[in-house]
Amino acid sequence: MSSRKDITNYCIEAMLKAGIQKAQCTLSDKSKDEFNVDGGEISLLRTTNDTSLYMMGIIDDKRGSVSINKTDKESIDKAVKEVYDLAESSEADSANDISELQPSKVFQKGPAESDLNLMYDRITAFLAYSLETYPSLILEQAILDFVSKKSYFRNSNGVYFESSRGIYNFSPMFTSKEGAEISSFNYSGFSSGNLDRELHEYGSIDTLMKQSTEQISTKEISGKFTGEIIITPDCIEDFLSHITSFLSDYPLISGTSIYKDSLNELIADPQLTLHSKPVSDEIADGYFFTPDGYEARNSTIIENGVLKTFLLGLYGAKKTGKPKAVNSGDSYVIDAGKYSFEEMVSSVEKGILMCRFSGGNPSDSGDFSGVCKNSYYIENGEILYPVRETMISGNLGELLKNIRRISRERIDFGSEILPWIQVGGITISGK
Amino acid sequence: MIPKVLCGYSNLFTEYTELRVQENRSVNIAVVNGDVMGNSRSSSSGVSARTYSNGVWGFSSDPEINDENIRKVIAFATRNAKFLGSRENKGGKSLPVTLGNSIRDYSTAKDRKSQKDLIDFVREIDSRIMQDFKEITSRTVALGLLDMEKSLLTSDGSSAYSMTPKSIMYISMSTERDGQLIELFDIYGGLGQFEDVFTTPDMLFEQMDEYYGHLRRKAEGIYPDAGIKECIFDADLAGILAHEAIGHTTEADSVRGGSIAGDYLNQEVASPLVTMVDFANSAYGKPCPIPVFIDDEGTEAKDVVLIDEGVLKRFMHNKETSIQFDDEPTGNARAYRFNDEPIIRMRNTAILPGKSKLEDMIASVQDGYYLMKPSNGQADSTSEFMFGIIQGYEIKNGKLGRAIRDTTISGIAFDMLKTVTAISDEMKWTCAGMCGKKQPIPVGMGGPAIKCRVNIGGR
């Protein structure tokens with residue numbers, strides 16, 4: 001086995017030889033260079049290499065899978081035997097399958113290697129900027145890394161994909177403090193194929209750092225009322241992950257998804273169009289093929305409020321009889337709306353600019369509640385002050401239908417591109 | 001698989017160095033509505049080294065464990081520390097020398113079960129639900145097993161070998177009322193390999209019957225009234241409160257990052273009834289769910305009394321923060337995978353039991369709630385917390401009333417703990433979840449029931 005491609009070939013042949021009828025494997029090599037900041041100081045340079053070899057086999061519709069991080073023949077042979085034993089131990093399910101033949105492809109995106117000197121220069125410049133511009137801000141932790149990942153997918157139907165990815169990621173977490181008063185912590189981040197700009201210029205990092213210093217002093221709001229919230233791009237991700245999870249395999253198979261019967265139906269205000277764009281040039285991050293062996297394509301999940309696709313993989317699609325998605329989600333892009341952020345704020349009579357949400361997992365029916373963190377009170381069209389101990393509650397299904405406005409401005413996080421979204425009908429309660 | 005002795009490599013250490021070889025092994029089985037949806041095993045092993053030089057750290061790892069790679073990761077970690085050290089030029093103080101030696105192996109002595117045995121066990125639980133719990137519309141039974149096996153050598157001379165397994169069974173059931181799905185989950189298991197934790201499926205049946213009863217009552221339940229209410233937190237909730245809302249604020253790296261607890265040392269932060277400890281490995285003569293004897297910096301793990309009768313007494317440390325805070329390392333430096341560096345983590349965090357009886361505590365509440373199970377929880381550097389509540393009952397005139405539907409509680413932990421007026425005399429541990437802080441890691445959480453006032457979110 002002289003190459004990684006040969007190893008995937010060996011895995012498939014060994015599984016077939018062992019008596020497995022349908023076989024699939026994914027080999028990934030990942031290396032990472034990572035600078036860590038702790039308590040405002042650079043503390044660690046970490047270099048890691050890892051391998052992941054995933055093998056899945058099906059015998060008479062029974063499936064088993066094994067994942068190891070070794071690629072020597074002895075380890076692979078042992079894992080092949082385990083895959084066989086696991087599949088034999090399982091129970092038949094006709095939804096178990098592997099992807100059908102597609103043209104072999106090789107994909108490449110991003111730089112092959114990190115520039116350690118540039119990474120060091122960028123993070124030291126970020127520390128200096130932070131110290132000078134926001135002296136009350138404490139960088140509890142910041143991580144700047146470069147991840148290089150090479151992946152090889154093969155199955156016994158003849159599918160073969162290969163991809164090489166290189167990407168920089170930055171994620172700072174910070175709190176602001178003056179005397180004994182402190183803000184809630186906050187965090188943001190971005191992914192990028194280069195480090196052409198200073199780190200604070202990416203995504204919403206500088207905005208959130210500035211807000212953090214404002215949030216040292218907060219006020220309670222009193223009473224309980226139904227109002228509007230403007231959800232920031234950083235905070236939308238908290239809701240998006242729950243909404244898209246309702247479209248995925250497990251809740252649809254178990255029948256617990258609120259959207260199980262909603263394909264091609266209006267599930268959101270017509271202003272909302274949501275895409276998953278893993279292979280778009282708009283997205284710095286992304287992926288080229290799905291874990292179950294299909295070349296990934298971009299898709300529109302919600303178009304003008306109408307649900308256009310679930311996020312079902314091959315198993316979920318066969319299990320539910322619903323159409324398979326053309327990707328495995330993520331890389332979300334929400335189309336820009338027609339309102340400026342200022343117009344949105346000025347239209348709010350009473351509500352919250354919600355910058356972070358600390359909430360319980362929504363119930364199966366979509367009910368949610370939680371605390372508004374790093375957020376501001378809005379009254380008569382003006383952002384008045386940062387709030388504390390303020391809760392909101394609502395229902396995810398209703399939240400999408402109660403969208404009032406979507407902003408023209410959007411934040412490009414590298415992994416997602418998201419606007420501000422204004423929603424009505426939310427229960428807001430102070431202390 | 002994992003070499004128990006790494007001593008042959010100590011001559012390669014030119015700076016303060018930790019050398020660790022580790023393997024994590026897991027088994028996951030999931031049966032959803034009777035179908036085996038998950039049936040997998042995984043293992044991840046490798047070698048890593050971390051080196052401290054001139055006030056900064058270098059780290060390197062590789063998945064292949066052999067003589068050449070062990071030498072290579074030591075050299076790369078040293079190179080990384082020197083690269084950073086030469087640029088930062090901090091001239092940091094030397095780390096405290098800690099010496100410890102330990103061999104702890106929690107492997108079962110019984111014959112190991114095959115994957116088929118494990119699937120059959122899960123299927124039997126699933127069959128029981130299908131046969132006896134008639135109102136269930138959706139069900140999931142999942143088994144998750146994790147073995148963490150590691151060997152450590154440090155330039156201080158510490159050496160340790162440990163094999164720490166945990167075995168967790170997760171059961172989720174949903175029922176329908178008026179077109180709405182009502183869900184509840186329960187968790188079973190703890191420290192040990194499957195054979196030592198689970199004997200036969202019927203050992204779970206009694207607890208499952210109780211759980212089904214709670215779900216049926218929840219389906220008929222009400223949403224709680226929003227506002228500040230007198231509540232009894234059951235042990236599961238007291239445990240997550242101790243971990244999330246207080247524990248994280250008292251990790252020394254969080255304190256360094258601005259946590260509110262930094263200003264409260266030696267101050268009264270809770271009712272004098274409250275004493276809270278991060279146990280290293282055993283409590284009240286029994287092993288904790290996640291026993292740690294030597295941490296991943298080679299420090300002997302000791303119990304840390306965080307709050308003593310209401311007064312904040314101490315933070316949790318690694319070697320580096322112990323210098324910054326003029327304290328001693330406490331053995332809280334832990335790493336999850338072979339390629340993770342040790343960071344400050346809790347081990348087994350608990351509020352200690354008091355003298356009250358749970359039934360007396362409930363009887364003392366005129367209008368409030370008995371909150372039993374959290375779904376998830378988050379907390380802040382300010383100690384503001386939020387926990388999802390999936391199981392509980394209203395209390396009216398000292399008696400349990402109707403069950404409540406899903407809700408959320410929130411508050412400032414250091415304020416809320418001052419409202420504690422009773423703590424029960426029973427202690428319960430859980431270790432199902434993984435704590436997230438750069439890396440995931442298994443932790444134990446424990447506690448008695450506590451009576452306090454808290455903000456409940458209503459619907």
# chains A, B, ... in the order shown; residues from 1 in each chain; ligands from 1
$ residues_around --residues "region 405-411 of chain A" --least-positions-apart "6" --cutoff "6 Å" --atoms "only C-alpha atoms" --output "PyMOL selection string"
chain A and resi 203+336-341+417-422
$ write_last_selection --atoms "C-alpha atoms" --output "PDB file, in the first residue's frame"
ATOM      1  CA  GLY A 203     -16.681  38.592  10.593  1.00  0.00           C
ATOM      2  CA  ALA A 336     -30.128  39.492   2.275  1.00  0.00           C
ATOM      3  CA  GLY A 337     -33.387  41.285   3.011  1.00  0.00           C
ATOM      4  CA  LYS A 338     -34.477  44.752   1.967  1.00  0.00           C
ATOM      5  CA  TYR A 339     -34.130  46.646   5.248  1.00  0.00           C
ATOM      6  CA  SER A 340     -31.125  48.334   6.784  1.00  0.00           C
ATOM      7  CA  PHE A 341     -30.216  47.416  10.365  1.00  0.00           C
ATOM      8  CA  ILE A 417     -23.230  34.110   5.647  1.00  0.00           C
ATOM      9  CA  LEU A 418     -26.052  35.433   7.819  1.00  0.00           C
ATOM     10  CA  PRO A 419     -28.105  38.644   8.213  1.00  0.00           C
ATOM     11  CA  TRP A 420     -29.958  40.207  11.149  1.00  0.00           C
ATOM     12  CA  ILE A 421     -33.531  38.884  11.473  1.00  0.00           C
ATOM     13  CA  GLN A 422     -36.401  40.685  13.217  1.00  0.00           C
TER      14      GLN A 422
END
$ interface_residues --of "chain B" --to "chain A" --cutoff "6 Å" --atoms "only C-alpha atoms" --output "list in words"
Asn39, Ser40, Arg41, Ser42, Ser43, Ser44, Val56, Trp57, Gly58, Phe59, Ser60, Ser61, Asp62, Pro63, Asn80, Lys116, Ser138, Leu181, Arg256, Gly257, Asn376, Ser381, Thr382 and Gly388 of chain B
$ closest_residue --among "B:Trp429, B:Tyr16, B:Phe76, B:Tyr211" --to "Ile290 (chain B)" --atoms "only C-alpha atoms"
B:Trp429
$ closest_residue --among "A:Glu220, A:Asp121, A:Asp292, A:Asp77" --to "Gln24 (chain A)" --atoms "only C-alpha atoms"
A:Asp292
$ residues_around --residues "region 237-241 of chain A" --least-positions-apart "3" --cutoff "10 Å" --atoms "only C-alpha atoms" --output "PDB file with N, CA and C atoms, in the first residue's frame"
ATOM      1  N   ILE A 231     -32.485  39.376  15.946  1.00  0.00           N
ATOM      2  CA  ILE A 231     -31.452  38.359  16.215  1.00  0.00           C
ATOM      3  C   ILE A 231     -30.234  38.684  15.357  1.00  0.00           C
ATOM      4  N   THR A 232     -29.077  38.809  16.002  1.00  0.00           N
ATOM      5  CA  THR A 232     -27.852  39.150  15.256  1.00  0.00           C
ATOM      6  C   THR A 232     -27.337  37.921  14.488  1.00  0.00           C
ATOM      7  N   PRO A 233     -26.473  38.141  13.498  1.00  0.00           N
ATOM      8  CA  PRO A 233     -25.943  36.992  12.739  1.00  0.00           C
ATOM      9  C   PRO A 233     -25.250  35.956  13.629  1.00  0.00           C
ATOM     10  N   ASP A 234     -24.505  36.411  14.653  1.00  0.00           N
ATOM     11  CA  ASP A 234     -23.849  35.450  15.547  1.00  0.00           C
ATOM     12  C   ASP A 234     -24.877  34.587  16.266  1.00  0.00           C
ATOM     13  N   THR A 244     -32.560  23.312  11.565  1.00  0.00           N
ATOM     14  CA  THR A 244     -32.077  22.348  10.565  1.00  0.00           C
ATOM     15  C   THR A 244     -32.017  20.935  11.149  1.00  0.00           C
ATOM     16  N   SER A 245     -31.860  20.832  12.473  1.00  0.00           N
ATOM     17  CA  SER A 245     -31.847  19.480  13.047  1.00  0.00           C
ATOM     18  C   SER A 245     -33.226  18.817  12.891  1.00  0.00           C
ATOM     19  N   PHE A 246     -34.287  19.613  12.882  1.00  0.00           N
ATOM     20  CA  PHE A 246     -35.627  19.059  12.649  1.00  0.00           C
ATOM     21  C   PHE A 246     -35.772  18.481  11.232  1.00  0.00           C
ATOM     22  N   LEU A 274     -33.260  30.309   2.630  1.00  0.00           N
ATOM     23  CA  LEU A 274     -32.092  29.705   3.292  1.00  0.00           C
ATOM     24  C   LEU A 274     -31.462  28.666   2.366  1.00  0.00           C
ATOM     25  N   ASP A 330     -25.165  22.358   6.637  1.00  0.00           N
ATOM     26  CA  ASP A 330     -24.113  23.327   6.977  1.00  0.00           C
ATOM     27  C   ASP A 330     -23.845  24.301   5.813  1.00  0.00           C
ATOM     28  N   TYR A 332     -24.422  27.400   5.679  1.00  0.00           N
ATOM     29  CA  TYR A 332     -25.710  28.061   5.468  1.00  0.00           C
ATOM     30  C   TYR A 332     -25.541  29.508   5.016  1.00  0.00           C
ATOM     31  N   ARG A 356     -26.765  36.979  21.878  1.00  0.00           N
ATOM     32  CA  ARG A 356     -26.403  35.594  22.210  1.00  0.00           C
ATOM     33  C   ARG A 356     -27.564  34.996  22.997  1.00  0.00           C
ATOM     34  N   PHE A 357     -27.827  33.719  22.749  1.00  0.00           N
ATOM     35  CA  PHE A 357     -28.950  33.057  23.400  1.00  0.00           C
ATOM     36  C   PHE A 357     -28.447  31.857  24.177  1.00  0.00           C
ATOM     37  N   SER A 358     -28.754  31.818  25.464  1.00  0.00           N
ATOM     38  CA  SER A 358     -28.386  30.677  26.288  1.00  0.00           C
ATOM     39  C   SER A 358     -29.676  29.958  26.638  1.00  0.00           C
ATOM     40  N   GLY A 359     -29.990  28.920  25.885  1.00  0.00           N
ATOM     41  CA  GLY A 359     -31.305  28.324  26.030  1.00  0.00           C
ATOM     42  C   GLY A 359     -31.274  26.828  26.195  1.00  0.00           C
ATOM     43  N   PRO A 362     -34.783  22.886  22.533  1.00  0.00           N
ATOM     44  CA  PRO A 362     -36.221  22.987  22.275  1.00  0.00           C
ATOM     45  C   PRO A 362     -36.894  21.637  22.473  1.00  0.00           C
ATOM     46  N   PHE A 368     -39.245  26.737  22.965  1.00  0.00           N
ATOM     47  CA  PHE A 368     -37.916  27.032  23.506  1.00  0.00           C
ATOM     48  C   PHE A 368     -38.037  28.156  24.526  1.00  0.00           C
ATOM     49  N   LEU A 396     -40.177  27.481  17.851  1.00  0.00           N
ATOM     50  CA  LEU A 396     -39.319  27.624  16.666  1.00  0.00           C
ATOM     51  C   LEU A 396     -40.148  27.716  15.385  1.00  0.00           C
ATOM     52  N   LEU A 399     -41.587  31.081  15.269  1.00  0.00           N
ATOM     53  CA  LEU A 399     -40.532  32.087  15.087  1.00  0.00           C
ATOM     54  C   LEU A 399     -40.280  32.342  13.597  1.00  0.00           C
ATOM     55  N   LEU A 400     -40.205  31.280  12.803  1.00  0.00           N
ATOM     56  CA  LEU A 400     -39.953  31.449  11.365  1.00  0.00           C
ATOM     57  C   LEU A 400     -41.125  32.150  10.683  1.00  0.00           C
ATOM     58  N   GLU A 416     -20.418  30.437   7.101  1.00  0.00           N
ATOM     59  CA  GLU A 416     -21.828  30.787   6.902  1.00  0.00           C
ATOM     60  C   GLU A 416     -21.914  32.285   6.578  1.00  0.00           C
ATOM     61  N   LEU A 418     -24.760  35.270   7.146  1.00  0.00           N
ATOM     62  CA  LEU A 418     -26.052  35.433   7.819  1.00  0.00           C
ATOM     63  C   LEU A 418     -26.377  36.909   8.057  1.00  0.00           C
TER      64      LEU A 418
END
$ residues_around --residues "region 264-280 of chain B" --least-positions-apart "5" --cutoff "7 Å" --atoms "only C-alpha atoms" --output "PDB file with C-alpha atoms, in the first residue's frame"
ATOM      1  CA  PRO B 291     -11.787   8.965  39.502  1.00  0.00           C
ATOM      2  CA  VAL B 292      -8.568  10.903  38.847  1.00  0.00           C
ATOM      3  CA  PHE B 293      -5.497   9.944  40.895  1.00  0.00           C
ATOM      4  CA  ALA B 301      -5.100  14.783  42.365  1.00  0.00           C
ATOM      5  CA  LYS B 302      -6.540  16.162  45.597  1.00  0.00           C
ATOM      6  CA  ASP B 303     -10.031  17.202  46.616  1.00  0.00           C
ATOM      7  CA  VAL B 304     -10.610  20.941  46.262  1.00  0.00           C
ATOM      8  CA  VAL B 305     -13.033  22.529  48.725  1.00  0.00           C
ATOM      9  CA  LEU B 306     -14.406  25.352  46.600  1.00  0.00           C
ATOM     10  CA  ILE B 307     -17.057  26.628  49.005  1.00  0.00           C
ATOM     11  CA  ASP B 308     -16.847  25.873  52.720  1.00  0.00           C
ATOM     12  CA  GLU B 309     -20.021  26.644  54.677  1.00  0.00           C
ATOM     13  CA  GLY B 310     -20.918  29.420  52.278  1.00  0.00           C
ATOM     14  CA  VAL B 311     -17.455  30.981  51.901  1.00  0.00           C
ATOM     15  CA  LEU B 312     -15.541  30.738  48.612  1.00  0.00           C
ATOM     16  CA  LYS B 313     -12.230  29.189  49.649  1.00  0.00           C
ATOM     17  CA  ARG B 314     -10.227  28.049  46.656  1.00  0.00           C
ATOM     18  CA  MET B 346     -13.387  19.592  36.999  1.00  0.00           C
ATOM     19  CA  ARG B 347     -13.364  15.959  38.092  1.00  0.00           C
ATOM     20  CA  ASN B 348     -16.362  15.177  40.335  1.00  0.00           C
ATOM     21  CA  THR B 349     -18.074  18.327  41.536  1.00  0.00           C
ATOM     22  CA  ALA B 350     -20.770  18.205  44.174  1.00  0.00           C
ATOM     23  CA  ILE B 351     -22.655  20.144  46.794  1.00  0.00           C
ATOM     24  CA  LEU B 352     -22.343  18.142  50.002  1.00  0.00           C
ATOM     25  CA  PHE B 414     -23.813  33.306  43.624  1.00  0.00           C
ATOM     26  CA  LEU B 417     -27.021  30.003  46.535  1.00  0.00           C
ATOM     27  CA  LYS B 418     -27.629  32.595  49.261  1.00  0.00           C
ATOM     28  CA  THR B 419     -31.330  31.677  49.154  1.00  0.00           C
ATOM     29  CA  VAL B 420     -30.679  28.015  50.030  1.00  0.00           C
TER      30      VAL B 420
END
$ atom_distance --atom1 "CA of Thr51 (chain B)" --atom2 "CA of Thr17 (chain B)"
4.4 Å
$ closest_residue --among "B:Leu145, B:Ala432, B:Ala363, B:Ile65" --to "Ile395 (chain B)" --atoms "only C-alpha atoms"
B:Ala363
$ select_by_dssp --residues "region 8-57 of chain A" --states "helix (DSSP H, G or I)" --output "PyMOL selection string"
chain A and resi 8-17
$ decode --residues "region 74-86 of chain B" --atoms "all heavy atoms" --output "PDB file, in the first residue's frame"
ATOM      1  N   ILE B  74       8.455  14.405  20.975  1.00  0.00           N
ATOM      2  CA  ILE B  74       9.213  15.134  22.024  1.00  0.00           C
ATOM      3  C   ILE B  74      10.020  16.252  21.372  1.00  0.00           C
ATOM      4  O   ILE B  74      10.030  17.401  21.833  1.00  0.00           O
ATOM      5  CB  ILE B  74      10.133  14.173  22.807  1.00  0.00           C
ATOM      6  CG1 ILE B  74       9.307  13.152  23.592  1.00  0.00           C
ATOM      7  CG2 ILE B  74      11.047  14.963  23.760  1.00  0.00           C
ATOM      8  CD1 ILE B  74      10.133  11.995  24.178  1.00  0.00           C
ATOM      9  N   ALA B  75      10.671  15.924  20.247  1.00  0.00           N
ATOM     10  CA  ALA B  75      11.496  16.931  19.555  1.00  0.00           C
ATOM     11  C   ALA B  75      10.632  18.068  19.011  1.00  0.00           C
ATOM     12  O   ALA B  75      10.983  19.248  19.133  1.00  0.00           O
ATOM     13  CB  ALA B  75      12.270  16.253  18.425  1.00  0.00           C
ATOM     14  N   PHE B  76       9.465  17.733  18.434  1.00  0.00           N
ATOM     15  CA  PHE B  76       8.596  18.775  17.864  1.00  0.00           C
ATOM     16  C   PHE B  76       7.991  19.657  18.945  1.00  0.00           C
ATOM     17  O   PHE B  76       7.861  20.862  18.765  1.00  0.00           O
ATOM     18  CB  PHE B  76       7.479  18.130  17.029  1.00  0.00           C
ATOM     19  CG  PHE B  76       7.829  17.990  15.581  1.00  0.00           C
ATOM     20  CD1 PHE B  76       8.890  17.180  15.178  1.00  0.00           C
ATOM     21  CD2 PHE B  76       7.114  18.663  14.612  1.00  0.00           C
ATOM     22  CE1 PHE B  76       9.218  17.044  13.843  1.00  0.00           C
ATOM     23  CE2 PHE B  76       7.435  18.541  13.269  1.00  0.00           C
ATOM     24  CZ  PHE B  76       8.483  17.729  12.877  1.00  0.00           C
ATOM     25  N   ALA B  77       7.579  19.064  20.043  1.00  0.00           N
ATOM     26  CA  ALA B  77       7.010  19.861  21.139  1.00  0.00           C
ATOM     27  C   ALA B  77       8.066  20.830  21.661  1.00  0.00           C
ATOM     28  O   ALA B  77       7.789  22.008  21.922  1.00  0.00           O
ATOM     29  CB  ALA B  77       6.524  18.948  22.258  1.00  0.00           C
ATOM     30  N   THR B  78       9.293  20.333  21.793  1.00  0.00           N
ATOM     31  CA  THR B  78      10.390  21.178  22.281  1.00  0.00           C
ATOM     32  C   THR B  78      10.665  22.302  21.280  1.00  0.00           C
ATOM     33  O   THR B  78      10.853  23.465  21.664  1.00  0.00           O
ATOM     34  CB  THR B  78      11.651  20.322  22.494  1.00  0.00           C
ATOM     35  OG1 THR B  78      11.307  19.206  23.324  1.00  0.00           O
ATOM     36  CG2 THR B  78      12.754  21.117  23.161  1.00  0.00           C
ATOM     37  N   ARG B  79      10.652  21.938  19.981  1.00  0.00           N
ATOM     38  CA  ARG B  79      10.875  22.954  18.939  1.00  0.00           C
ATOM     39  C   ARG B  79       9.786  24.029  19.006  1.00  0.00           C
ATOM     40  O   ARG B  79      10.055  25.224  18.920  1.00  0.00           O
ATOM     41  CB  ARG B  79      10.850  22.273  17.562  1.00  0.00           C
ATOM     42  CG  ARG B  79      11.123  23.210  16.406  1.00  0.00           C
ATOM     43  CD  ARG B  79      10.524  22.696  15.112  1.00  0.00           C
ATOM     44  NE  ARG B  79       9.055  22.711  15.155  1.00  0.00           N
ATOM     45  CZ  ARG B  79       8.272  22.438  14.127  1.00  0.00           C
ATOM     46  NH1 ARG B  79       8.824  22.068  12.979  1.00  0.00           N
ATOM     47  NH2 ARG B  79       6.957  22.493  14.221  1.00  0.00           N
ATOM     48  N   ASN B  80       8.520  23.612  19.161  1.00  0.00           N
ATOM     49  CA  ASN B  80       7.417  24.581  19.217  1.00  0.00           C
ATOM     50  C   ASN B  80       7.548  25.514  20.422  1.00  0.00           C
ATOM     51  O   ASN B  80       7.310  26.714  20.322  1.00  0.00           O
ATOM     52  CB  ASN B  80       6.075  23.843  19.286  1.00  0.00           C
ATOM     53  CG  ASN B  80       5.633  23.331  17.930  1.00  0.00           C
ATOM     54  OD1 ASN B  80       6.255  23.642  16.906  1.00  0.00           O
ATOM     55  ND2 ASN B  80       4.582  22.529  17.902  1.00  0.00           N
ATOM     56  N   ALA B  81       7.914  24.942  21.565  1.00  0.00           N
ATOM     57  CA  ALA B  81       8.076  25.778  22.763  1.00  0.00           C
ATOM     58  C   ALA B  81       9.214  26.770  22.561  1.00  0.00           C
ATOM     59  O   ALA B  81       9.120  27.941  22.949  1.00  0.00           O
ATOM     60  CB  ALA B  81       8.335  24.896  23.985  1.00  0.00           C
ATOM     61  N   LYS B  82      10.278  26.320  21.940  1.00  0.00           N
ATOM     62  CA  LYS B  82      11.427  27.221  21.735  1.00  0.00           C
ATOM     63  C   LYS B  82      11.096  28.298  20.690  1.00  0.00           C
ATOM     64  O   LYS B  82      11.505  29.451  20.826  1.00  0.00           O
ATOM     65  CB  LYS B  82      12.656  26.408  21.313  1.00  0.00           C
ATOM     66  CG  LYS B  82      13.256  25.621  22.486  1.00  0.00           C
ATOM     67  CD  LYS B  82      14.552  24.950  22.090  1.00  0.00           C
ATOM     68  CE  LYS B  82      15.108  24.108  23.237  1.00  0.00           C
ATOM     69  NZ  LYS B  82      15.505  24.895  24.402  1.00  0.00           N
ATOM     70  N   PHE B  83      10.343  27.924  19.625  1.00  0.00           N
ATOM     71  CA  PHE B  83       9.921  28.907  18.616  1.00  0.00           C
ATOM     72  C   PHE B  83       9.143  30.030  19.288  1.00  0.00           C
ATOM     73  O   PHE B  83       9.418  31.207  19.091  1.00  0.00           O
ATOM     74  CB  PHE B  83       9.050  28.215  17.558  1.00  0.00           C
ATOM     75  CG  PHE B  83       8.372  29.145  16.589  1.00  0.00           C
ATOM     76  CD1 PHE B  83       8.999  29.527  15.405  1.00  0.00           C
ATOM     77  CD2 PHE B  83       7.095  29.643  16.846  1.00  0.00           C
ATOM     78  CE1 PHE B  83       8.369  30.387  14.511  1.00  0.00           C
ATOM     79  CE2 PHE B  83       6.461  30.507  15.966  1.00  0.00           C
ATOM     80  CZ  PHE B  83       7.091  30.882  14.786  1.00  0.00           C
ATOM     81  N   LEU B  84       8.167  29.626  20.100  1.00  0.00           N
ATOM     82  CA  LEU B  84       7.302  30.608  20.752  1.00  0.00           C
ATOM     83  C   LEU B  84       8.071  31.343  21.855  1.00  0.00           C
ATOM     84  O   LEU B  84       7.961  32.562  21.993  1.00  0.00           O
ATOM     85  CB  LEU B  84       6.097  29.875  21.357  1.00  0.00           C
ATOM     86  CG  LEU B  84       4.780  30.617  21.452  1.00  0.00           C
ATOM     87  CD1 LEU B  84       4.405  31.262  20.133  1.00  0.00           C
ATOM     88  CD2 LEU B  84       3.676  29.646  21.892  1.00  0.00           C
ATOM     89  N   GLY B  85       8.867  30.598  22.602  1.00  0.00           N
ATOM     90  CA  GLY B  85       9.626  31.187  23.709  1.00  0.00           C
ATOM     91  C   GLY B  85      10.594  32.249  23.230  1.00  0.00           C
ATOM     92  O   GLY B  85      10.760  33.297  23.866  1.00  0.00           O
ATOM     93  N   SER B  86      11.240  32.005  22.089  1.00  0.00           N
ATOM     94  CA  SER B  86      12.217  32.972  21.585  1.00  0.00           C
ATOM     95  C   SER B  86      11.520  34.252  21.143  1.00  0.00           C
ATOM     96  O   SER B  86      12.089  35.338  21.220  1.00  0.00           O
ATOM     97  CB  SER B  86      13.002  32.363  20.420  1.00  0.00           C
ATOM     98  OG  SER B  86      12.127  32.148  19.330  1.00  0.00           O
TER      99      SER B  86
END
